[in-house]
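Below: run-v5.pdb (PDB, C-alpha atoms and all ligand atoms)
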ATOM      1  CA  MET O   1       0.000   0.000   0.000
ATOM      2  CA  ASP O   2       1.517   3.288  -0.991
ATOM      3  CA  THR O   3       0.457   6.341   0.953
ATOM      4  CA  ASN O   4       2.187   9.065  -1.057
ATOM      5  CA  LEU O   5       4.057  10.028   2.095
ATOM      6  CA  LEU O   6       6.817  11.673   0.058
ATOM      7  CA  ALA O   7       4.698  13.253  -2.691
ATOM      8  CA  GLY O   8       6.501  16.179  -4.307
ATOM      9  CA  GLN O   9       9.679  15.569  -2.337
ATOM     10  CA  VAL O  10      13.192  15.067  -3.673
ATOM     11  CA  ALA O  11      15.458  12.432  -2.151
ATOM     12  CA  ILE O  12      19.109  11.592  -2.721
ATOM     13  CA  VAL O  13      19.963   7.981  -1.901
ATOM     14  CA  THR O  14      23.658   7.043  -1.894
ATOM     15  CA  GLY O  15      24.602   3.456  -2.712
ATOM     16  CA  GLY O  16      21.212   3.005  -4.381
ATOM     17  CA  ALA O  17      22.254   0.593  -7.148
ATOM     18  CA  ARG O  18      21.644  -2.552  -5.117
ATOM     19  CA  GLY O  19      20.876  -4.007  -1.698
ATOM     20  CA  ILE O  20      19.230  -1.922   0.998
ATOM     21  CA  GLY O  21      19.752   1.301  -0.981
ATOM     22  CA  LYS O  22      17.863  -0.135  -3.940
ATOM     23  CA  GLY O  23      15.017  -1.092  -1.586
ATOM     24  CA  ILE O  24      14.947   2.476  -0.254
ATOM     25  CA  CYS O  25      14.837   3.929  -3.788
ATOM     26  CA  LYS O  26      11.959   1.628  -4.741
ATOM     27  CA  LEU O  27       9.873   2.438  -1.672
ATOM     28  CA  PHE O  28      10.557   6.177  -1.916
ATOM     29  CA  CYS O  29       9.480   6.157  -5.585
ATOM     30  CA  GLU O  30       6.293   4.302  -4.615
ATOM     31  CA  GLU O  31       5.693   6.988  -1.984
ATOM     32  CA  GLY O  32       5.841   9.692  -4.639
ATOM     33  CA  ALA O  33       9.382  11.025  -4.236
ATOM     34  CA  GLN O  34      11.691  12.030  -7.043
ATOM     35  CA  VAL O  35      14.814  10.000  -6.355
ATOM     36  CA  ALA O  36      18.401  10.782  -7.311
ATOM     37  CA  LEU O  37      20.167   7.436  -7.075
ATOM     38  CA  TRP O  38      23.904   7.796  -6.493
ATOM     39  CA  ASP O  39      26.388   4.956  -6.876
ATOM     40  CA  VAL O  40      29.846   4.128  -8.184
ATOM     41  CA  LEU O  41      28.388   1.102  -9.990
ATOM     42  CA  ASP O  42      27.042   1.509 -13.529
ATOM     43  CA  ALA O  43      24.329  -0.952 -12.434
ATOM     44  CA  GLY O  44      22.669   2.120 -10.912
ATOM     45  CA  GLU O  45      21.387   3.008 -14.393
ATOM     46  CA  ALA O  46      19.535  -0.328 -14.729
ATOM     47  CA  THR O  47      18.111   0.106 -11.222
ATOM     48  CA  ALA O  48      16.852   3.601 -12.057
ATOM     49  CA  GLU O  49      15.479   2.393 -15.400
ATOM     50  CA  ALA O  50      13.507  -0.373 -13.658
ATOM     51  CA  LEU O  51      12.100   2.164 -11.209
ATOM     52  CA  ARG O  52      11.034   4.436 -14.085
ATOM     53  CA  ALA O  53       9.452   1.458 -15.891
ATOM     54  CA  ALA O  54       7.366   0.867 -12.763
ATOM     55  CA  GLY O  55       6.167   4.492 -12.854
ATOM     56  CA  GLY O  56       8.724   5.985 -10.467
ATOM     57  CA  LYS O  57      10.686   9.180 -10.921
ATOM     58  CA  ALA O  58      14.298   8.077 -10.589
ATOM     59  CA  MET O  59      17.535   9.484 -11.974
ATOM     60  CA  PHE O  60      20.908   7.719 -11.774
ATOM     61  CA  GLN O  61      24.007   9.791 -11.120
ATOM     62  CA  LYS O  62      27.414   8.120 -11.070
ATOM     63  CA  VAL O  63      28.782   9.566  -7.871
ATOM     64  CA  ASP O  64      31.606   8.476  -5.609
ATOM     65  CA  VAL O  65      30.693   9.740  -2.145
ATOM     66  CA  THR O  66      34.381  10.181  -1.315
ATOM     67  CA  ASP O  67      34.913  12.563  -4.229
ATOM     68  CA  LYS O  68      33.943  16.080  -3.174
ATOM     69  CA  ALA O  69      33.840  17.452  -6.739
ATOM     70  CA  SER O  70      31.629  14.602  -7.949
ATOM     71  CA  VAL O  71      29.263  15.054  -4.994
ATOM     72  CA  GLU O  72      29.007  18.831  -5.430
ATOM     73  CA  GLN O  73      28.394  18.499  -9.169
ATOM     74  CA  ALA O  74      25.629  15.951  -8.573
ATOM     75  CA  VAL O  75      23.963  18.180  -5.972
ATOM     76  CA  GLU O  76      24.008  21.071  -8.454
ATOM     77  CA  GLU O  77      22.419  18.826 -11.072
ATOM     78  CA  VAL O  78      19.661  17.724  -8.664
ATOM     79  CA  MET O  79      18.951  21.372  -7.809
ATOM     80  CA  ARG O  80      18.898  22.299 -11.513
ATOM     81  CA  GLN O  81      16.525  19.458 -12.440
ATOM     82  CA  PHE O  82      14.308  19.215  -9.353
ATOM     83  CA  GLY O  83      14.813  22.565  -7.614
ATOM     84  CA  ARG O  84      14.983  21.172  -4.060
ATOM     85  CA  ILE O  85      16.479  18.479  -1.828
ATOM     86  CA  ASP O  86      14.254  17.329   1.026
ATOM     87  CA  ILE O  87      15.932  14.050   1.948
ATOM     88  CA  LEU O  88      19.480  12.722   2.037
ATOM     89  CA  ILE O  89      19.926   9.004   2.714
ATOM     90  CA  ASN O  90      23.597   8.302   3.454
ATOM     91  CA  ASN O  91      23.442   4.585   2.707
ATOM     92  CA  ALA O  92      26.646   3.873   0.717
ATOM     93  CA  GLY O  93      29.033   1.663   2.639
ATOM     94  CA  ILE O  94      31.747  -0.946   2.223
ATOM     95  CA  VAL O  95      33.474  -3.642   4.244
ATOM     96  CA  ARG O  96      37.149  -4.649   4.189
ATOM     97  CA  ASP O  97      37.137  -7.265   6.931
ATOM     98  CA  ARG O  98      40.339  -8.475   8.570
ATOM     99  CA  THR O  99      41.500  -8.963  12.144
ATOM    100  CA  PHE O 100      43.239  -5.859  13.462
ATOM    101  CA  LEU O 101      46.722  -7.414  13.637
ATOM    102  CA  LYS O 102      46.562  -8.244   9.920
ATOM    103  CA  MET O 103      44.605  -5.222   8.701
ATOM    104  CA  THR O 104      46.441  -3.035   6.203
ATOM    105  CA  ASP O 105      46.483   0.759   6.332
ATOM    106  CA  GLU O 106      44.608   0.717   3.026
ATOM    107  CA  GLU O 107      41.797  -1.465   4.410
ATOM    108  CA  TRP O 108      41.445   0.820   7.417
ATOM    109  CA  HIS O 109      41.423   4.058   5.408
ATOM    110  CA  GLN O 110      39.154   2.780   2.598
ATOM    111  CA  VAL O 111      36.404   1.908   5.050
ATOM    112  CA  ILE O 112      36.693   5.130   7.047
ATOM    113  CA  ASN O 113      36.822   7.096   3.816
ATOM    114  CA  VAL O 114      33.639   5.676   2.280
ATOM    115  CA  ASN O 115      31.566   4.974   5.404
ATOM    116  CA  LEU O 116      32.412   8.066   7.442
ATOM    117  CA  ASN O 117      34.098  10.708   5.278
ATOM    118  CA  GLY O 118      31.539  10.014   2.530
ATOM    119  CA  ILE O 119      28.749  10.949   4.919
ATOM    120  CA  TYR O 120      30.579  14.151   5.811
ATOM    121  CA  THR O 121      31.032  15.078   2.137
ATOM    122  CA  CYS O 122      27.437  14.357   1.086
ATOM    123  CA  THR O 123      25.865  16.011   4.114
ATOM    124  CA  LYS O 124      28.102  19.075   3.778
ATOM    125  CA  ALA O 125      27.054  19.531   0.131
ATOM    126  CA  VAL O 126      23.332  19.090   0.743
ATOM    127  CA  ILE O 127      22.677  20.821   4.036
ATOM    128  CA  PRO O 128      22.926  24.471   2.850
ATOM    129  CA  HIS O 129      19.970  23.776   0.515
ATOM    130  CA  MET O 130      17.953  22.279   3.371
ATOM    131  CA  ARG O 131      18.765  25.196   5.633
ATOM    132  CA  GLU O 132      17.687  27.631   2.925
ATOM    133  CA  ALA O 133      14.383  25.732   2.529
ATOM    134  CA  GLY O 134      13.832  25.407   6.291
ATOM    135  CA  TYR O 135      13.248  21.664   5.949
ATOM    136  CA  GLY O 136      15.326  18.527   5.680
ATOM    137  CA  ARG O 137      15.650  14.884   6.600
ATOM    138  CA  ILE O 138      19.089  13.286   6.845
ATOM    139  CA  VAL O 139      19.244   9.565   7.587
ATOM    140  CA  SER O 140      22.530   7.628   7.646
ATOM    141  CA  ALA O 141      23.403   3.932   7.725
ATOM    142  CA  SER O 142      24.980   2.814  10.966
ATOM    143  CA  SER O 143      25.031  -0.895  11.874
ATOM    144  CA  VAL O 144      24.411  -3.299  14.718
ATOM    145  CA  ASN O 145      28.163  -3.915  14.456
ATOM    146  CA  GLY O 146      28.831  -0.256  15.231
ATOM    147  CA  ILE O 147      26.948  -0.762  18.509
ATOM    148  CA  LEU O 148      28.282  -4.195  19.474
ATOM    149  CA  GLY O 149      31.659  -4.247  17.709
ATOM    150  CA  ALA O 150      32.290  -7.203  15.426
ATOM    151  CA  TYR O 151      35.242  -9.563  15.173
ATOM    152  CA  GLY O 152      37.355  -8.709  12.114
ATOM    153  CA  GLN O 153      35.646  -5.355  11.689
ATOM    154  CA  THR O 154      37.543  -2.758  13.733
ATOM    155  CA  ASN O 155      37.485  -0.462  10.689
ATOM    156  CA  TYR O 156      33.804  -1.022   9.904
ATOM    157  CA  SER O 157      32.633  -0.978  13.556
ATOM    158  CA  ALA O 158      34.558   2.264  14.174
ATOM    159  CA  SER O 159      33.007   3.915  11.108
ATOM    160  CA  LYS O 160      29.485   2.826  12.036
ATOM    161  CA  ALA O 161      29.844   3.898  15.688
ATOM    162  CA  ALA O 162      31.132   7.279  14.512
ATOM    163  CA  ILE O 163      27.958   7.762  12.494
ATOM    164  CA  ILE O 164      25.921   7.553  15.704
ATOM    165  CA  GLY O 165      27.978  10.364  17.262
ATOM    166  CA  PHE O 166      27.844  12.421  14.076
ATOM    167  CA  THR O 167      24.066  12.018  13.991
ATOM    168  CA  LYS O 168      23.583  13.102  17.611
ATOM    169  CA  ALA O 169      25.874  16.122  17.259
ATOM    170  CA  LEU O 170      24.515  17.403  13.952
ATOM    171  CA  ALA O 171      20.940  16.950  15.203
ATOM    172  CA  ARG O 172      21.669  19.479  17.946
ATOM    173  CA  GLU O 173      22.989  22.004  15.453
ATOM    174  CA  VAL O 174      20.406  21.952  12.672
ATOM    175  CA  GLY O 175      17.124  21.067  14.378
ATOM    176  CA  LYS O 176      16.360  24.777  14.552
ATOM    177  CA  TYR O 177      16.312  24.925  10.738
ATOM    178  CA  GLY O 178      13.626  22.248  10.445
ATOM    179  CA  ILE O 179      16.214  19.605   9.634
ATOM    180  CA  THR O 180      16.220  16.307  11.520
ATOM    181  CA  VAL O 181      19.234  14.002  11.546
ATOM    182  CA  ASN O 182      18.830  10.323  12.366
ATOM    183  CA  ALA O 183      20.402   6.951  11.634
ATOM    184  CA  VAL O 184      19.273   3.399  11.032
ATOM    185  CA  ALA O 185      21.361   0.572  12.476
ATOM    186  CA  PRO O 186      20.473  -2.515  10.431
ATOM    187  CA  GLY O 187      21.099  -5.998  11.698
ATOM    188  CA  PHE O 188      21.832  -8.872   9.327
ATOM    189  CA  VAL O 189      20.346  -8.472   5.839
ATOM    190  CA  LYS O 190      21.272 -10.740   2.907
ATOM    191  CA  THR O 191      22.777  -8.473   0.231
ATOM    192  CA  ASP O 192      25.948  -8.446  -1.884
ATOM    193  CA  MET O 193      27.746  -7.007   1.152
ATOM    194  CA  THR O 194      27.030 -10.092   3.246
ATOM    195  CA  ALA O 195      27.199 -12.602   0.346
ATOM    196  CA  THR O 196      30.759 -13.624   1.227
ATOM    197  CA  ILE O 197      29.681 -15.065   4.584
ATOM    198  CA  PRO O 198      30.216 -18.853   4.313
ATOM    199  CA  PRO O 199      26.906 -20.794   4.147
ATOM    200  CA  GLU O 200      27.862 -22.811   7.257
ATOM    201  CA  MET O 201      28.006 -19.564   9.265
ATOM    202  CA  LEU O 202      24.660 -18.266   8.018
ATOM    203  CA  LYS O 203      22.545 -20.620  10.123
ATOM    204  CA  GLY O 204      24.456 -19.643  13.253
ATOM    205  CA  ILE O 205      23.884 -15.958  12.520
ATOM    206  CA  GLU O 206      20.175 -16.448  11.881
ATOM    207  CA  ASP O 207      19.765 -18.629  14.986
ATOM    208  CA  SER O 208      21.340 -15.867  17.092
ATOM    209  CA  ILE O 209      18.662 -13.377  15.990
ATOM    210  CA  PRO O 210      15.555 -13.431  18.224
ATOM    211  CA  VAL O 211      13.211 -13.507  15.205
ATOM    212  CA  ARG O 212      15.374 -16.352  13.782
ATOM    213  CA  ARG O 213      15.926 -14.875  10.329
ATOM    214  CA  ALA O 214      17.676 -12.154   8.378
ATOM    215  CA  GLY O 215      15.946  -8.835   7.813
ATOM    216  CA  THR O 216      14.737  -7.881   4.343
ATOM    217  CA  THR O 217      15.593  -4.822   2.308
ATOM    218  CA  GLU O 218      11.877  -3.924   2.399
ATOM    219  CA  GLU O 219      11.838  -3.944   6.207
ATOM    220  CA  LEU O 220      14.879  -1.701   6.287
ATOM    221  CA  ALA O 221      13.436   0.620   3.658
ATOM    222  CA  HIS O 222      10.349   1.201   5.812
ATOM    223  CA  ALA O 223      12.526   2.259   8.762
ATOM    224  CA  TYR O 224      14.258   4.769   6.475
ATOM    225  CA  LEU O 225      10.873   5.892   5.195
ATOM    226  CA  TYR O 226       9.634   6.817   8.659
ATOM    227  CA  LEU O 227      12.754   8.819   9.484
ATOM    228  CA  ALA O 228      12.698  10.509   6.056
ATOM    229  CA  SER O 229       9.022  11.419   6.287
ATOM    230  CA  PRO O 230       7.369  14.594   7.547
ATOM    231  CA  TYR O 231       6.178  12.524  10.558
ATOM    232  CA  ALA O 232       9.734  12.367  11.919
ATOM    233  CA  GLY O 233       9.838  16.078  12.733
ATOM    234  CA  PHE O 234      10.184  15.387  16.462
ATOM    235  CA  THR O 235      12.541  12.411  16.106
ATOM    236  CA  ASN O 236      16.021  13.893  16.053
ATOM    237  CA  GLY O 237      19.495  12.508  16.827
ATOM    238  CA  HIS O 238      18.118   8.979  17.093
ATOM    239  CA  THR O 239      19.615   5.724  15.856
ATOM    240  CA  LEU O 240      16.864   3.229  15.086
ATOM    241  CA  SER O 241      17.918  -0.400  15.572
ATOM    242  CA  VAL O 242      16.304  -2.709  13.013
ATOM    243  CA  ASN O 243      17.894  -6.035  13.812
ATOM    244  CA  GLY O 244      15.248  -8.568  14.845
ATOM    245  CA  GLY O 245      15.883  -7.944  18.532
ATOM    246  CA  VAL O 246      19.649  -8.569  18.817
ATOM    247  CA  ILE O 247      20.140  -5.303  20.695
ATOM    248  CA  SER O 248      17.989  -2.210  21.124
TER
HETATM  249  N1  LIG I   1      23.550  -5.944   4.739
HETATM  250  C1  LIG I   1      23.688  -5.869   6.060
HETATM  251  O1  LIG I   1      23.559  -6.888   6.778
HETATM  252  C2  LIG I   1      23.978  -4.547   6.726
HETATM  253  C3  LIG I   1      23.976  -4.529   8.134
HETATM  254  C4  LIG I   1      24.255  -3.331   8.775
HETATM  255  C5  LIG I   1      24.512  -2.179   8.039
HETATM  256  N2  LIG I   1      24.502  -2.230   6.685
HETATM  257  C6  LIG I   1      24.798  -0.975   5.981
HETATM  258  O2  LIG I   1      23.759  -0.666   5.083
HETATM  259  C7  LIG I   1      24.285  -0.002   3.927
HETATM  260  C8  LIG I   1      23.871  -0.763   2.670
HETATM  261  O3  LIG I   1      24.397  -2.077   2.760
HETATM  262  P1  LIG I   1      24.066  -3.227   1.709
HETATM  263  O4  LIG I   1      24.057  -4.496   2.468
HETATM  264  O5  LIG I   1      22.917  -2.864   0.865
HETATM  265  O6  LIG I   1      25.440  -3.212   0.848
HETATM  266  P2  LIG I   1      25.703  -3.380  -0.709
HETATM  267  O7  LIG I   1      27.160  -3.632  -0.837
HETATM  268  O8  LIG I   1      24.764  -4.358  -1.308
HETATM  269  O9  LIG I   1      25.343  -1.936  -1.273
HETATM  270  C9  LIG I   1      26.141  -0.820  -0.983
HETATM  271  C10 LIG I   1      26.111   0.112  -2.173
HETATM  272  O10 LIG I   1      26.988   1.219  -1.883
HETATM  273  C11 LIG I   1      27.703   1.508  -3.057
HETATM  274  N3  LIG I   1      28.948   2.218  -2.760
HETATM  275  C12 LIG I   1      30.077   1.716  -2.190
HETATM  276  N4  LIG I   1      31.033   2.646  -2.159
HETATM  277  C13 LIG I   1      30.516   3.774  -2.719
HETATM  278  C14 LIG I   1      31.031   5.073  -2.966
HETATM  279  N5  LIG I   1      32.297   5.395  -2.660
HETATM  280  N6  LIG I   1      30.220   5.994  -3.537
HETATM  281  C15 LIG I   1      28.934   5.657  -3.895
HETATM  282  N7  LIG I   1      28.408   4.443  -3.677
HETATM  283  C16 LIG I   1      29.190   3.509  -3.103
HETATM  284  C17 LIG I   1      27.960   0.138  -3.663
HETATM  285  O11 LIG I   1      28.370   0.236  -5.017
HETATM  286  C18 LIG I   1      26.646  -0.552  -3.451
HETATM  287  O12 LIG I   1      25.747  -0.331  -4.524
HETATM  288  C19 LIG I   1      25.797   0.048   4.127
HETATM  289  O13 LIG I   1      26.173   1.299   4.656
HETATM  290  C20 LIG I   1      26.049  -1.054   5.124
HETATM  291  O14 LIG I   1      27.227  -0.827   5.862
HETATM  292  C21 LIG I   1      24.249  -3.388   6.002
END
Spit out the file's structure as structure tokens when you get a sec.
Amino acid sequence: MDTNLLAGQVAIVTGGARGIGKGICKLFCEEGAQVALWDVLDAGEATAEALRAAGGKAMFQKVDVTDKASVEQAVEEVMRQFGRIDILINNAGIVRDRTFLKMTDEEWHQVINVNLNGIYTCTKAVIPHMREAGYGRIVSASSVNGILGAYGQTNYSASKAAIIGFTKALAREVGKYGITVNAVAPGFVKTDMTATIPPEMLKGIEDSIPVRRAGTTEELAHAYLYLASPYAGFTNGHTLSVNGGVIS
């Protein structure tokens, strides 16, 4: 059931080519938003095309969230074409898992660069437009592993914990402009990101989740939808755990 919750609104979704980001783009289109889908993967064009074929208003922009010039250019293009930016979903993220003793400098910096610095770059480019309009919704992807810490993921857990602090701090600064800043901390969802987990480990992971299964991209997308909607005007600085009950 679509409720046109985002009718007339413009949303940027980073990492929208596949996985949870793709689910967010689909739901936001169904809810009436115009969606700018950002990704480094050319597959973003096929994702946007499928959304348009289903009646959605989606535009693919090849954007690397770590590249300030590419981000600023894309924001200008969204403003030129749509005239406003109501929603920024900072969803793009990567993993480079290795135990800390073996982790290379490159693996550490790549993850911090995409997962944390990317959020800085995108938010910095978008927020002046939201301030000008007196309205905005910024929602970023944290993770259950940023709350609990995960073995082999010091880089990833650090980046995802930092997003919680970023969210709380920025919420205090920009609430007065009608902008709310929140995060979603997904638990285990089967996507390309988690596809490398050996099948023998999957059952153990699912058994450890109180609802005894992985989450779906649709379930995650609905959490993003609430925080991106006009109804979240009094929800600010919050990280919403969507993990089947692993931790609240
Ligand atoms: N899948 C899970 O279990 C899970 C759990 C917790 C948190 N998350 C977080 O949710 C978000 C989405 O995860 P997913 O599982 O859909 O992953 P995914 O790998 O399927 O999708 C991530 C997308 O981000 C894009 N991306 C990567 N680097 C980019 C860059 N520099 N610029 C632009 N786009 C870039 C990728 O190309 C990809 O399309 C991530 O931030 C991830 O850390 C996922």
**Item:** Hits from the PyMOL selection byres (((not hetatm)) within 9 of (chain I and resi 1)), listed as a PyMOL selection string
**Value:** chain O and resi 14-23+38-44+62-67+90-95+113-115+118+140-146+156+160+184-195+214-215+217+243
Which polymer residues, protein or nucleic acid, are no farther than 8 Å from (19.2, 13.6, 14.9), counting all atoms listed in the file, as a PDB file with C-alpha atoms, keeping the file's coordinate frame?
ATOM      1  CA  THR O 167      24.066  12.018  13.991  1.00  0.00           C
ATOM      2  CA  LYS O 168      23.583  13.102  17.611  1.00  0.00           C
ATOM      3  CA  ALA O 169      25.874  16.122  17.259  1.00  0.00           C
ATOM      4  CA  LEU O 170      24.515  17.403  13.952  1.00  0.00           C
ATOM      5  CA  ALA O 171      20.940  16.950  15.203  1.00  0.00           C
ATOM      6  CA  ARG O 172      21.669  19.479  17.946  1.00  0.00           C
ATOM      7  CA  GLY O 175      17.124  21.067  14.378  1.00  0.00           C
ATOM      8  CA  THR O 180      16.220  16.307  11.520  1.00  0.00           C
ATOM      9  CA  VAL O 181      19.234  14.002  11.546  1.00  0.00           C
ATOM     10  CA  ASN O 182      18.830  10.323  12.366  1.00  0.00           C
ATOM     11  CA  ALA O 183      20.402   6.951  11.634  1.00  0.00           C
ATOM     12  CA  THR O 235      12.541  12.411  16.106  1.00  0.00           C
ATOM     13  CA  ASN O 236      16.021  13.893  16.053  1.00  0.00           C
ATOM     14  CA  GLY O 237      19.495  12.508  16.827  1.00  0.00           C
ATOM     15  CA  HIS O 238      18.118   8.979  17.093  1.00  0.00           C
ATOM     16  CA  THR O 239      19.615   5.724  15.856  1.00  0.00           C
TER      17      THR O 239
END
**Asked** In terms of the shortest atom-to-atom distance over all atoms listed in the file, which of O:Lys203, O:Lys68, O:His109, O:Lys26 is closest to O:Leu51?
**Response** O:Lys26
**Asked** atom CA of O:Ala74 and atom CA of O:Ile119, how far apart in Å?
**Response**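 So the answer is 14.7 Å.
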**Item:** Output check: residues returned by the PyMOL selection byres (((chain O and resi 88) around 6) and not hetatm), as an NGL selection string
**Value:** :O and (11-12 or 87 or 89 or 138)
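Here the question is which of O:Glu30, O:Asp97, O:Glu72, O:Glu45 gets nearest to O:Phe60 using only C-alpha atoms, and that residue is O:Glu45.
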**Request:** Counting all atoms listed in the file, find the residues whose atoms lie at most 12 Å from (15.6, -12.6, 17.7) (file coordinates) and write them out as a count of residues only.
**Result:** 20
**Request:** Show which residues sit within 10 Å of O:Glu77, as a PyMOL selection string. Count all atoms listed in the file, and ignore same-chain residues fewer than 5 positions away.
**Result:** chain O and resi 36+61+71-72+82-83
**Prompt:** Smallest atom-to-atom distance to O:Phe234: which of O:Ile179, O:Val78, O:Val139, O:Val10, using all atoms listed in the file?
**Reply:**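 Under the stated criterion, the closest residue is O:Ile179.
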**Prompt:** To one decimal place, how far is atom CA of O:Val111 from atom CA of O:Gly165 in Å?
**Reply:** 17.1 Å
**Asked** For the file shown, what are the residues hit by the PyMOL selection byres (((chain O and resi 177) around 10) and not hetatm), laid out as a PyMOL selection string?
**Response** chain O and resi 130-136+173-176+178-180
Based on the selection just made, write C-alpha atoms of those residues as an mmCIF file, keeping the file's coordinate frame.
data_model
loop_
_atom_site.group_PDB
_atom_site.id
_atom_site.type_symbol
_atom_site.label_atom_id
_atom_site.label_comp_id
_atom_site.auth_asym_id
_atom_site.auth_seq_id
_atom_site.Cartn_x
_atom_site.Cartn_y
_atom_site.Cartn_z
ATOM 1 C CA MET O 130 17.953 22.279 3.371
ATOM 2 C CA ARG O 131 18.765 25.196 5.633
ATOM 3 C CA GLU O 132 17.687 27.631 2.925
ATOM 4 C CA ALA O 133 14.383 25.732 2.529
ATOM 5 C CA GLY O 134 13.832 25.407 6.291
ATOM 6 C CA TYR O 135 13.248 21.664 5.949
ATOM 7 C CA GLY O 136 15.326 18.527 5.680
ATOM 8 C CA GLU O 173 22.989 22.004 15.453
ATOM 9 C CA VAL O 174 20.406 21.952 12.672
ATOM 10 C CA GLY O 175 17.124 21.067 14.378
ATOM 11 C CA LYS O 176 16.360 24.777 14.552
ATOM 12 C CA GLY O 178 13.626 22.248 10.445
ATOM 13 C CA ILE O 179 16.214 19.605 9.634
ATOM 14 C CA THR O 180 16.220 16.307 11.520
#
**Item:** Selected residue, from O:Arg96, O:Lys124, O:His129, O:Arg137, that lies nearest to O:Ser159 when counting all atoms listed in the file
**Value:** O:Arg96
**Prompt:** Interatomic distance between atom CA of O:Ser157 and atom CA of O:Leu240?
**Reply:**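 Value for the atom CA of O:Ser157-atom CA of O:Leu240 distance: 16.4 Å.
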**Request:** Choose the residue, out of O:Ile24, O:Ala125, O:Leu101, O:Leu6, that has the smallest atom-to-atom separation from O:Ser229; count only C-alpha atoms.
**Result:**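 Closest to O:Ser229 of all the choices is O:Leu6.
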**Prompt:** O:Pro230, O:Phe166, O:Asp105, O:Leu116: which is nearest O:Ala7, counting only C-alpha atoms?
**Reply:**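 Of the candidates, the smallest distance to O:Ala7 is held by O:Pro230.
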Hey, could you pull the box centre and edge lengths for stretch 187-203 of chain O, axis-aligned, 4 Å padding per side, all listed atoms, to one decimal in Å, as AutoDock Vina command-line options?
--center_x 25.6 --center_y -14.4 --center_z 4.9 --size_x 18.4 --size_y 24.8 --size_z 21.6
Once N, CA and C atoms are restored for stretch 195-209 of chain O, what would the output be as a tab-separated table (two decimals), in the frame of the given file?
chain	number	residue	atom	x	y	z
O	195	ALA	N	27.22	-11.37	1.16
O	195	ALA	CA	27.20	-12.60	0.35
O	195	ALA	C	28.45	-13.45	0.54
O	196	THR	N	29.52	-12.86	1.07
O	196	THR	CA	30.76	-13.62	1.23
O	196	THR	C	30.77	-14.45	2.52
O	197	ILE	N	29.75	-14.27	3.35
O	197	ILE	CA	29.68	-15.06	4.58
O	197	ILE	C	29.46	-16.53	4.22
O	198	PRO	N	30.35	-17.44	4.68
O	198	PRO	CA	30.22	-18.85	4.31
O	198	PRO	C	28.86	-19.41	4.75
O	199	PRO	N	28.25	-20.26	3.87
O	199	PRO	CA	26.91	-20.79	4.15
O	199	PRO	C	26.82	-21.45	5.53
O	200	GLU	N	27.92	-22.11	5.96
O	200	GLU	CA	27.86	-22.81	7.26
O	200	GLU	C	27.74	-21.83	8.43
O	201	MET	N	28.13	-20.57	8.19
O	201	MET	CA	28.01	-19.56	9.26
O	201	MET	C	26.62	-18.92	9.30
O	202	LEU	N	25.93	-18.98	8.13
O	202	LEU	CA	24.66	-18.27	8.02
O	202	LEU	C	23.62	-18.74	9.03
O	203	LYS	N	23.56	-20.07	9.21
O	203	LYS	CA	22.54	-20.62	10.12
O	203	LYS	C	22.81	-20.13	11.54
O	204	GLY	N	24.09	-20.12	11.92
O	204	GLY	CA	24.46	-19.64	13.25
O	204	GLY	C	24.05	-18.19	13.45
O	205	ILE	N	24.25	-17.38	12.42
O	205	ILE	CA	23.88	-15.96	12.52
O	205	ILE	C	22.37	-15.84	12.68
O	206	GLU	N	21.64	-16.57	11.82
O	206	GLU	CA	20.18	-16.45	11.88
O	206	GLU	C	19.62	-17.00	13.20
O	207	ASP	N	20.23	-18.07	13.71
O	207	ASP	CA	19.76	-18.63	14.99
O	207	ASP	C	20.02	-17.68	16.15
O	208	SER	N	21.02	-16.80	16.00
O	208	SER	CA	21.34	-15.87	17.09
O	208	SER	C	20.42	-14.64	17.11
O	209	ILE	N	19.59	-14.53	16.08
O	209	ILE	CA	18.66	-13.38	15.99
O	209	ILE	C	17.33	-13.80	16.62
